[in-house]
>>> print(open('coords-v7.json').read())   # JSON, C-alpha atoms
[["chain", "number", "residue", "atom", "x", "y", "z"],
["A", 1, "MET", "CA", 49.83, 19.55, -14.35],
["A", 2, "LEU", "CA", 46.32, 18.11, -14.13],
["A", 3, "LYS", "CA", 46.01, 14.82, -12.30],
["A", 4, "ARG", "CA", 43.82, 12.36, -14.19],
["A", 5, "MET", "CA", 41.31, 10.15, -12.53],
["A", 6, "LYS", "CA", 42.29, 6.51, -12.81],
["A", 7, "LYS", "CA", 40.05, 4.08, -14.64],
["A", 8, "LYS", "CA", 39.75, 1.91, -11.53],
["A", 9, "ASN", "CA", 38.05, 4.87, -9.82],
["A", 10, "ARG", "CA", 35.03, 4.64, -12.11],
["A", 11, "VAL", "CA", 31.72, 2.88, -11.69],
["A", 12, "LYS", "CA", 31.24, 1.27, -15.10],
["A", 13, "LYS", "CA", 28.86, -1.68, -15.00],
["A", 14, "ASN", "CA", 25.09, -1.27, -15.13],
["A", 15, "VAL", "CA", 24.75, -3.57, -12.09],
["A", 16, "GLU", "CA", 27.02, -1.23, -10.10],
["A", 17, "PHE", "CA", 24.99, 1.81, -11.15],
["A", 18, "GLN", "CA", 21.75, 0.05, -10.18],
["A", 19, "ALA", "CA", 23.16, -0.88, -6.75],
["A", 20, "VAL", "CA", 24.03, 2.77, -6.06],
["A", 21, "PHE", "CA", 20.58, 3.94, -7.22],
["A", 22, "GLN", "CA", 18.68, 1.35, -5.20],
["A", 23, "LYS", "CA", 20.70, 1.14, -1.98],
["A", 24, "GLY", "CA", 22.40, 4.52, -1.86],
["A", 25, "LYS", "CA", 21.40, 7.92, -0.50],
["A", 26, "SER", "CA", 20.74, 10.78, -2.85],
["A", 27, "SER", "CA", 20.76, 14.55, -2.86],
["A", 28, "ALA", "CA", 19.98, 16.96, -5.66],
["A", 29, "ASN", "CA", 19.92, 20.56, -6.78],
["A", 30, "ARG", "CA", 18.95, 22.09, -10.13],
["A", 31, "GLN", "CA", 22.18, 21.02, -11.84],
["A", 32, "PHE", "CA", 23.11, 17.64, -10.35],
["A", 33, "VAL", "CA", 21.75, 14.54, -8.65],
["A", 34, "LEU", "CA", 24.36, 12.83, -6.48],
["A", 35, "TYR", "CA", 23.93, 9.26, -5.26],
["A", 36, "SER", "CA", 26.27, 7.81, -2.64],
["A", 37, "LEU", "CA", 26.62, 4.19, -1.54],
["A", 38, "ASP", "CA", 28.82, 2.90, 1.30],
["A", 39, "LYS", "CA", 31.28, 0.20, 0.21],
["A", 40, "PRO", "CA", 33.13, -0.91, 3.37],
["A", 41, "GLY", "CA", 36.65, -2.12, 2.69],
["A", 42, "GLN", "CA", 37.04, -0.30, -0.62],
["A", 43, "GLU", "CA", 40.43, 1.41, -0.92],
["A", 44, "GLU", "CA", 39.43, 4.38, -3.12],
["A", 45, "PHE", "CA", 36.12, 6.01, -3.92],
["A", 46, "ARG", "CA", 34.66, 5.44, -7.39],
["A", 47, "ILE", "CA", 32.41, 7.67, -9.46],
["A", 48, "GLY", "CA", 29.95, 6.93, -12.24],
["A", 49, "LEU", "CA", 28.73, 9.69, -14.52],
["A", 50, "SER", "CA", 25.48, 9.99, -16.39],
["A", 51, "VAL", "CA", 24.96, 12.87, -18.79],
["A", 52, "SER", "CA", 21.88, 12.53, -21.00],
["A", 53, "LYS", "CA", 21.75, 13.56, -24.65],
["A", 54, "LYS", "CA", 19.12, 16.10, -23.56],
["A", 55, "VAL", "CA", 21.92, 18.05, -21.85],
["A", 56, "GLY", "CA", 23.76, 18.83, -25.09],
["A", 57, "ASN", "CA", 25.88, 17.48, -27.91],
["A", 58, "ALA", "CA", 28.84, 15.12, -27.37],
["A", 59, "VAL", "CA", 31.27, 18.01, -26.90],
["A", 60, "ALA", "CA", 29.14, 19.56, -24.15],
["A", 61, "ARG", "CA", 28.53, 16.22, -22.43],
["A", 62, "ASN", "CA", 32.22, 15.28, -22.45],
["A", 63, "ARG", "CA", 33.17, 18.70, -21.05],
["A", 64, "ILE", "CA", 30.70, 18.25, -18.18],
["A", 65, "LYS", "CA", 32.15, 14.81, -17.41],
["A", 66, "ARG", "CA", 35.71, 16.18, -17.46],
["A", 67, "VAL", "CA", 34.77, 18.97, -15.06],
["A", 68, "ILE", "CA", 33.05, 16.57, -12.64],
["A", 69, "ARG", "CA", 36.06, 14.22, -12.65],
["A", 70, "GLN", "CA", 38.39, 17.19, -12.08],
["A", 71, "VAL", "CA", 36.35, 18.42, -9.09],
["A", 72, "PHE", "CA", 36.41, 14.94, -7.51],
["A", 73, "THR", "CA", 40.17, 14.67, -8.16],
["A", 74, "GLU", "CA", 40.76, 18.05, -6.47],
["A", 75, "LEU", "CA", 38.69, 17.03, -3.44],
["A", 76, "LYS", "CA", 40.22, 13.55, -3.14],
["A", 77, "GLN", "CA", 41.49, 14.16, 0.42],
["A", 78, "CYS", "CA", 38.03, 15.18, 1.69],
["A", 79, "ILE", "CA", 36.09, 12.31, 0.12],
["A", 80, "ASP", "CA", 35.44, 9.07, 2.00],
["A", 81, "SER", "CA", 37.29, 6.30, 0.16],
["A", 82, "GLU", "CA", 34.74, 3.64, 1.06],
["A", 83, "LYS", "CA", 32.01, 4.98, -1.22],
["A", 84, "ASP", "CA", 30.68, 4.71, -4.74],
["A", 85, "PHE", "CA", 29.11, 7.83, -6.27],
["A", 86, "VAL", "CA", 26.88, 8.30, -9.26],
["A", 87, "ILE", "CA", 26.43, 11.83, -10.57],
["A", 88, "ILE", "CA", 23.63, 12.69, -12.94],
["A", 89, "ALA", "CA", 24.10, 16.01, -14.72],
["A", 90, "ARG", "CA", 20.99, 18.00, -15.55],
["A", 91, "LYS", "CA", 20.43, 20.39, -18.44],
["A", 92, "PRO", "CA", 21.53, 23.69, -16.77],
["A", 93, "CYS", "CA", 25.12, 22.29, -16.55],
["A", 94, "ALA", "CA", 25.68, 22.89, -20.25],
["A", 95, "GLU", "CA", 25.82, 26.69, -19.81],
["A", 96, "MET", "CA", 27.88, 26.70, -16.61],
["A", 97, "THR", "CA", 31.52, 27.64, -16.15],
["A", 98, "TYR", "CA", 33.97, 25.39, -14.31],
["A", 99, "GLU", "CA", 33.66, 27.48, -11.12],
["A", 100, "GLN", "CA", 29.85, 27.38, -11.22],
["A", 101, "MET", "CA", 29.80, 23.61, -11.72],
["A", 102, "LYS", "CA", 32.29, 23.10, -8.90],
["A", 103, "SER", "CA", 30.23, 25.28, -6.58],
["A", 104, "SER", "CA", 27.05, 23.41, -7.49],
["A", 105, "LEU", "CA", 28.71, 20.01, -6.93],
["A", 106, "LEU", "CA", 30.05, 21.15, -3.54],
["A", 107, "HIS", "CA", 26.54, 22.27, -2.60],
["A", 108, "VAL", "CA", 24.99, 18.91, -3.45],
["A", 109, "MET", "CA", 27.85, 17.07, -1.64],
["A", 110, "ARG", "CA", 27.25, 19.12, 1.51],
["A", 111, "ARG", "CA", 23.52, 18.35, 1.32],
["A", 112, "LEU", "CA", 24.46, 14.67, 1.35],
["A", 113, "GLY", "CA", 26.41, 15.26, 4.56],
["A", 114, "MET", "CA", 29.89, 15.12, 3.03],
["A", 115, "LYS", "CA", 32.54, 17.28, 4.66],
["A", 116, "VAL", "CA", 33.77, 19.31, 1.72],
["A", 117, "PRO", "CA", 35.31, 22.79, 1.84],
["A", 118, "ILE", "CA", 33.10, 25.82, 1.36],
["A", 119, "GLN", "CA", 34.00, 27.54, -1.91],
["A", 120, "GLU", "CA", 35.21, 31.11, -1.71],
["A", 121, "ARG", "CA", 33.27, 33.42, -3.98],
["A", 122, "LYS", "CA", 35.40, 35.21, -6.53],
["A", 123, "GLU", "CA", 34.55, 38.86, -7.11],
["A", 124, "GLY", "CA", 34.12, 39.42, -10.78]]
>>> encode(input="coords-v7.json", output="structure tokens")
Amino acid sequence: MLKRMKKKNRVKKNVEFQAVFQKGKSSANRQFVLYSLDKPGQEEFRIGLSVSKKVGNAVARNRIKRVIRQVFTELKQCIDSEKDFVIIARKPCAEMTYEQMKSSLLHVMRRLGMKVPIQERKEG
């Protein structure tokens, strides 16, 4: 069964997004921009998602957000709990499979210095 990300694990307010953008570190590749901000004392990490209308229709945007949340849920043990993240999805995401998006997110996380597992390539 899929574990759902709890609502309390989301960055929701504009002020919170702005704090991550202004004070946080960022890393990017062609598909994602990942911002990370240290929040000492926070019990669980939180993520905020931004998927522009340029990326695709509502169905495509919601799918991208679901995939991102799922990847973060799967990697929960590896992710520092005292952080807020904001992920901005770029246009190429719309055509990507789950595995490709996960691989791309892992890449951008590693570039930010996060200790996440290296994805095994599936022969196909």
>>> residues_around(input="coords-v7.json", residues="Leu49 (chain A)", least_positions_apart="5", cutoff="10 Å", atoms="all atoms listed in the file", output="list of chain:residue names")
A:Arg10, A:Val11, A:Lys12, A:Phe17, A:Leu34, A:Ile64, A:Lys65, A:Arg66, A:Ile68, A:Arg69, A:Phe85, A:Val86, A:Ile87, A:Ile88, A:Ala89
>>> atom_distance(input="coords-v7.json", atom1="CA of Tyr35 (chain A)", atom2="CA of Lys23 (chain A)")
9.3 Å
>>> residues_around(input="coords-v7.json", residues="Met109 (chain A)", least_positions_apart="6", cutoff="8 Å", atoms="all atoms listed in the file", output="list in words")
Ser27, Leu34, Lys115 and Val116 of chain A
>>> atom_distance(input="coords-v7.json", atom1="CA of Val20 (chain A)", atom2="CA of Leu37 (chain A)")
5.4 Å
>>> atom_distance(input="coords-v7.json", atom1="CA of Gly41 (chain A)", atom2="CA of Ser104 (chain A)")
29.1 Å
>>> residues_around(input="coords-v7.json", residues="Glu82 (chain A)", least_positions_apart="3", cutoff="8 Å", atoms="all atoms listed in the file", output="list of chain:residue names")
A:Asp38, A:Lys39, A:Pro40, A:Gly41, A:Gln42, A:Glu43, A:Glu44, A:Phe45
